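Just run-v7.txt here, compact mmCIF, C-alpha atoms:
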```txt
# COMPACT_ATOMS: atom_id res chain seq x y z
CA MET A 3 115.71 160.79 128.72
CA ASN A 4 114.17 163.38 131.05
CA ARG A 5 110.48 162.78 131.56
CA ILE A 6 108.45 164.83 133.99
CA LYS A 7 105.21 163.54 135.49
CA VAL A 8 102.82 166.46 135.78
CA VAL A 9 100.29 165.96 138.54
CA SER A 10 97.34 168.30 138.13
CA GLU A 11 94.61 166.15 139.68
CA VAL A 12 94.78 165.37 143.40
CA ALA A 13 93.91 161.67 142.99
CA GLU A 14 97.13 161.29 140.97
CA LEU A 15 99.06 161.85 144.20
CA VAL A 16 98.04 158.40 145.45
CA PRO A 17 100.42 156.36 143.24
CA ILE A 18 103.32 158.65 144.17
CA LEU A 19 102.58 158.38 147.89
CA ARG A 20 102.05 154.60 147.70
CA ALA A 21 105.27 154.10 145.71
CA VAL A 22 107.29 154.73 148.87
CA ASP A 23 104.91 153.57 151.62
CA SER A 24 107.22 150.74 152.71
CA ASP A 25 110.96 150.30 153.01
CA VAL A 26 110.97 147.64 150.27
CA LYS A 27 108.99 149.76 147.80
CA ALA A 28 111.21 152.78 148.49
CA GLU A 29 114.39 150.75 147.94
CA VAL A 30 113.07 149.06 144.79
CA PHE A 31 112.02 152.46 143.43
CA LYS A 32 115.57 153.76 144.07
CA GLU A 33 116.99 150.72 142.24
CA VAL A 34 114.86 151.22 139.13
CA THR A 35 115.57 154.95 139.18
CA ALA A 36 119.31 154.26 139.12
CA GLY A 37 119.13 151.89 136.12
CA TRP A 38 117.44 148.96 134.41
CA ARG A 39 116.73 146.03 136.76
CA THR A 40 115.18 142.69 135.89
CA ALA A 41 112.42 141.16 137.98
CA ARG A 42 114.81 138.34 138.85
CA GLU A 43 117.44 140.78 140.15
CA VAL A 44 114.88 142.63 142.23
CA GLU A 45 113.37 139.42 143.62
CA GLU A 46 116.83 138.05 144.51
CA LYS A 47 117.64 141.23 146.41
CA PHE A 48 114.24 142.06 147.97
CA GLY A 49 112.26 138.81 147.86
CA PRO A 50 108.62 138.45 146.78
CA GLN A 51 107.81 141.94 148.12
CA GLY A 52 110.24 143.37 145.57
CA ALA A 53 108.44 141.60 142.73
CA ASP A 54 105.11 142.87 144.08
CA ALA A 55 106.53 146.40 144.14
CA LEU A 56 107.50 146.11 140.46
CA ARG A 57 103.98 144.98 139.52
CA PHE A 58 102.55 147.91 141.49
CA PHE A 59 104.89 150.39 139.77
CA GLU A 60 103.99 148.96 136.38
CA LYS A 61 100.27 149.27 137.03
CA MET A 62 100.75 152.83 138.27
CA LYS A 63 102.80 153.63 135.13
CA LEU A 64 105.80 154.66 137.22
CA VAL A 65 108.16 152.30 135.37
CA GLU A 66 108.85 151.46 131.76
CA THR A 67 109.73 147.95 130.68
CA LYS A 68 111.82 146.26 128.02
CA TRP A 69 112.87 142.73 127.24
CA GLN A 70 116.58 142.02 127.51
CA THR A 71 118.65 138.89 127.26
CA GLY A 72 119.95 137.77 130.64
CA PRO A 73 122.78 135.45 131.65
CA SER A 74 120.56 132.44 130.97
CA ALA A 75 120.22 133.62 127.33
CA SER A 76 116.43 133.77 127.67
CA PRO A 77 114.67 137.13 127.50
CA GLU A 78 113.82 138.78 130.82
CA LYS A 79 111.60 141.75 131.50
CA ALA A 80 113.58 144.71 132.84
CA TYR A 81 112.23 147.79 134.62
CA HIS A 82 113.34 151.42 134.83
CA ALA A 83 111.70 154.49 136.37
CA PHE A 84 109.62 156.21 133.71
CA TYR A 85 109.92 159.71 135.17
CA SER A 86 113.02 161.57 136.29
CA SER A 87 110.97 164.12 138.25
CA PHE A 88 107.48 165.09 139.33
CA HIS A 89 105.81 168.45 138.90
CA ILE A 90 102.88 168.76 141.28
CA ASN A 91 100.48 171.60 140.59
CA ALA A 92 97.03 170.78 141.87
CA THR A 93 94.39 172.85 143.55
CA ALA A 94 91.54 171.12 145.35
CA PRO A 95 88.93 171.86 147.96
CA VAL A 96 89.90 170.74 151.46
CA GLN A 97 87.33 167.92 151.38
CA GLU A 98 88.80 166.47 148.18
CA ILE A 99 92.38 166.55 149.41
CA SER A 100 91.19 165.00 152.67
CA ASP A 101 89.51 162.18 150.74
CA VAL A 102 92.65 161.54 148.69
CA LEU A 103 95.01 161.57 151.67
CA HIS A 104 92.65 159.34 153.68
CA ALA A 105 92.54 156.80 150.84
CA ALA A 106 96.33 156.90 150.41
CA MET A 107 97.19 156.62 154.10
CA MET A 108 94.46 154.23 155.26
CA PRO A 109 95.81 151.18 157.13
CA GLU A 110 96.34 148.19 154.83
CA GLU A 111 93.81 145.96 156.66
CA GLN A 112 91.06 148.58 156.37
CA TYR A 113 91.89 149.24 152.72
CA ALA A 114 91.91 145.52 151.85
CA VAL A 115 88.25 145.24 152.91
CA ILE A 116 87.23 148.17 150.68
CA GLU A 117 89.37 146.97 147.77
CA LEU A 118 87.80 143.50 147.90
CA ARG A 119 84.32 145.02 148.00
CA ILE A 120 85.05 147.10 144.89
CA PHE A 121 86.76 144.15 143.17
CA ASP A 122 83.70 141.95 143.75
CA MET A 123 81.32 144.76 142.79
CA VAL A 124 82.91 145.45 139.40
CA GLY A 125 83.16 141.78 138.45
CA PRO A 126 84.97 140.59 135.33
CA GLU A 127 83.07 143.02 133.08
CA GLY A 128 83.72 146.24 135.02
CA LYS A 129 81.19 148.75 136.29
CA PHE A 130 80.36 152.44 135.86
CA SER A 131 82.24 154.41 138.53
CA GLY A 132 79.17 156.47 139.48
CA ASP A 133 77.30 153.31 140.45
CA VAL A 134 80.24 152.11 142.55
CA ALA A 135 80.57 155.50 144.30
CA ASP A 136 76.83 155.53 145.07
CA SER A 137 76.97 152.00 146.42
CA LEU A 138 79.97 152.77 148.65
CA LYS A 139 78.58 156.20 149.60
CA VAL A 140 81.85 157.96 148.71
CA THR A 141 82.68 160.91 146.48
CA GLN A 142 84.02 160.38 142.96
CA THR A 143 87.35 161.80 144.12
CA LYS A 144 87.64 159.33 146.99
CA LEU A 145 86.65 156.44 144.72
CA LYS A 146 89.28 157.47 142.18
CA ALA A 147 91.90 157.61 144.96
CA LEU A 148 90.85 154.17 146.26
CA VAL A 149 91.12 152.66 142.78
CA LYS A 150 94.45 154.39 142.09
CA ARG A 151 95.82 152.76 145.26
CA SER A 152 94.87 149.26 144.13
CA PRO A 153 97.21 147.02 142.16
CA ARG A 154 94.11 144.97 141.19
CA LEU A 155 91.79 147.72 139.91
CA ASP A 156 92.00 150.39 137.23
CA PHE A 157 89.93 152.99 135.39
CA ARG A 158 89.03 152.70 131.72
CA GLY A 159 87.17 155.88 130.95
CA HIS A 160 84.32 156.07 133.46
CA ARG A 161 84.38 152.35 134.20
CA ILE A 162 86.29 150.56 136.93
CA ILE A 163 87.80 147.30 135.76
CA ARG A 164 89.92 144.54 137.21
CA PHE A 165 93.56 145.10 136.30
CA GLU A 166 95.19 142.23 134.42
CA ASP A 167 98.91 141.51 134.69
```

Structure rendered as structure tokens:
Amino acid sequence: MNRIKVVSEVAELVPILRAVDSDVKAEVFKEVTAGWRTAREVEEKFGPQGADALRFFEKMKLVETKWQTGPSASPEKAYHAFYSSFHINATAPVQEISDVLHAAMMPEEQYAVIELRIFDMVGPEGKFSGDVADSLKVTQTKLKALVKRSPRLDFRGHRIIRFED
């Protein structure tokens, strides 16, 4: 099936950029683009980082999943790339694109501090994104990009919530 991901909002670039930000993620993404791969197969080939990459892709909705019977006769979750291509058509002011690219390319150590702050701030119940943006003193666009980068956070409407596996 040919599915095309249409990107019309600049913050949606973050998952695409982060999907290939390491050698392991890039290789795992190639694997799931080529065909269905189970988490076990990916972990055997790429180690724990491969399994982390699959969880990230699932959260970012870059892969589809299905249950299939493996050699052990017990069902295993298998992954395949959801989209066969991307169509990027977004227009944004320079400040917004700068915010998005900064959030996507920020060093991991620096991002981890911000992610933890947001994670603690939203708590188990979630929090209105405007309140989080005000507290962090960032634009809504930058906040959206920061949350899109996180495998532990997600948006539900105008609320930021903790992402559950």

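From atom CA of A:Met123 back to atom CA of A:Arg151, the distance works out to 16.7 Å.
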
Grab the atom CA of A:Lys129 to atom CA of A:Phe59 distance for me, in Å with one decimal place. 24.0 Å

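With only C-alpha atoms as the atoms that count, the minimum distance from A:Ile116 to the choices A:Thr40, A:Ser137, A:Ser76, A:Gln97 is reached by A:Ser137.
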
Residues within 10 Å of A:Lys150, please, as number ranges by chain. Count only C-alpha atoms; anything in the same chain fewer than 2 positions from it doesn't count. A: 13-17, 20, 61-62, 102, 105-106, 144-148, 152-157

So that I can see what lies close to A:Thr35, please list as a short mmCIF file (atom, residue, chain, number, x, y, z; two decimals) with C-alpha atoms, keeping the file's coordinate frame the residues with an atom at most 8 Å from it, counting only C-alpha atoms and leaving out residues fewer than 6 positions away in the same chain.
```
data_model
loop_
_atom_site.label_atom_id
_atom_site.label_comp_id
_atom_site.auth_asym_id
_atom_site.auth_seq_id
_atom_site.Cartn_x
_atom_site.Cartn_y
_atom_site.Cartn_z
CA HIS A 82 113.34 151.42 134.83
CA ALA A 83 111.70 154.49 136.37
CA SER A 86 113.02 161.57 136.29
#
```

Any idea what the distance is between atom CA of A:Phe88 and atom CA of A:Val44?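 Those two atoms sit 23.8 Å apart.
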
Take the point (108.0, 158.9, 142.2) in the file's coordinates, draw a sphere of radius 8 Å around it, and report as a ChimeraX atom specification every protein, DNA or RNA residue with an atom inside or on it, counting all atoms listed in the file. /A:18-19,21-22,31,64,85,87-88

Need to verify the contact set: A:Thr67, 10 Å, only C-alpha atoms, exclusion of same-chain residues closer than 5 positions in sequence. Can you return it as an mmCIF file with C-alpha atoms, keeping the file's coordinate frame?
```
data_model
loop_
_atom_site.group_PDB
_atom_site.id
_atom_site.type_symbol
_atom_site.label_atom_id
_atom_site.label_comp_id
_atom_site.auth_asym_id
_atom_site.auth_seq_id
_atom_site.Cartn_x
_atom_site.Cartn_y
_atom_site.Cartn_z
ATOM 1 C CA TRP A 38 117.440 148.960 134.410
ATOM 2 C CA ARG A 39 116.730 146.030 136.760
ATOM 3 C CA THR A 40 115.180 142.690 135.890
ATOM 4 C CA GLU A 60 103.990 148.960 136.380
ATOM 5 C CA LYS A 79 111.600 141.750 131.500
ATOM 6 C CA ALA A 80 113.580 144.710 132.840
ATOM 7 C CA TYR A 81 112.230 147.790 134.620
ATOM 8 C CA HIS A 82 113.340 151.420 134.830
ATOM 9 C CA ALA A 83 111.700 154.490 136.370
ATOM 10 C CA PHE A 84 109.620 156.210 133.710
#
```

So which residues are close to (83.2, 153.1, 140.2), meaning at most 12 Å away in the file's coordinates with all atoms listed in the file counted, and can you show them as a ChimeraX atom specification? /A:117,119-125,128-150,155-164

Excluding stretch 90-93 of chain A and any residue of its chain fewer than 4 positions from it, enumerate the residues within 6 Å of it, using only C-alpha atoms, and give them as a count of residues only. 4

With all atoms listed in the file as the basis for distance, which of A:Asp54, A:Pro126, A:Tyr113, A:Pro77 is at the shortest distance from A:Ser24?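 Smallest separation from A:Ser24 among the options: A:Asp54.
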
What are the centre and the three edge lengths of an axis-aligned box that wraps all atoms of stretch 107-113 of chain A in the file, given that 5 Å is added to every side, written as JSON and rounded to one decimal in Å?
```
{"center_x": 94.1, "center_y": 151.3, "center_z": 154.9, "size_x": 16.1, "size_y": 20.7, "size_z": 14.4}
```

Measuring atom to atom with only C-alpha atoms, identify which of A:Val12, A:Lys7, A:Asp25, A:Lys32 is nearest to A:Glu98.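 When distances to A:Glu98 are compared using only C-alpha atoms, the smallest one comes from A:Val12.
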
Check the smallest atom-to-atom distance from each of A:Val115, A:Leu56, A:Val96, A:Ala41 to A:Trp69 using all atoms listed in the file, then report the winner. A:Ala41

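The residue that comes closest to A:Glu29, out of A:Gln51, A:Gln70, A:Ser100, A:Asn4 and on the basis of all atoms listed in the file, is A:Gln51.
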
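Closest approach to A:Val26 from the set A:Phe48, A:Ile6, A:Glu111, A:Arg42 is made by A:Phe48, with distances taken over only C-alpha atoms.
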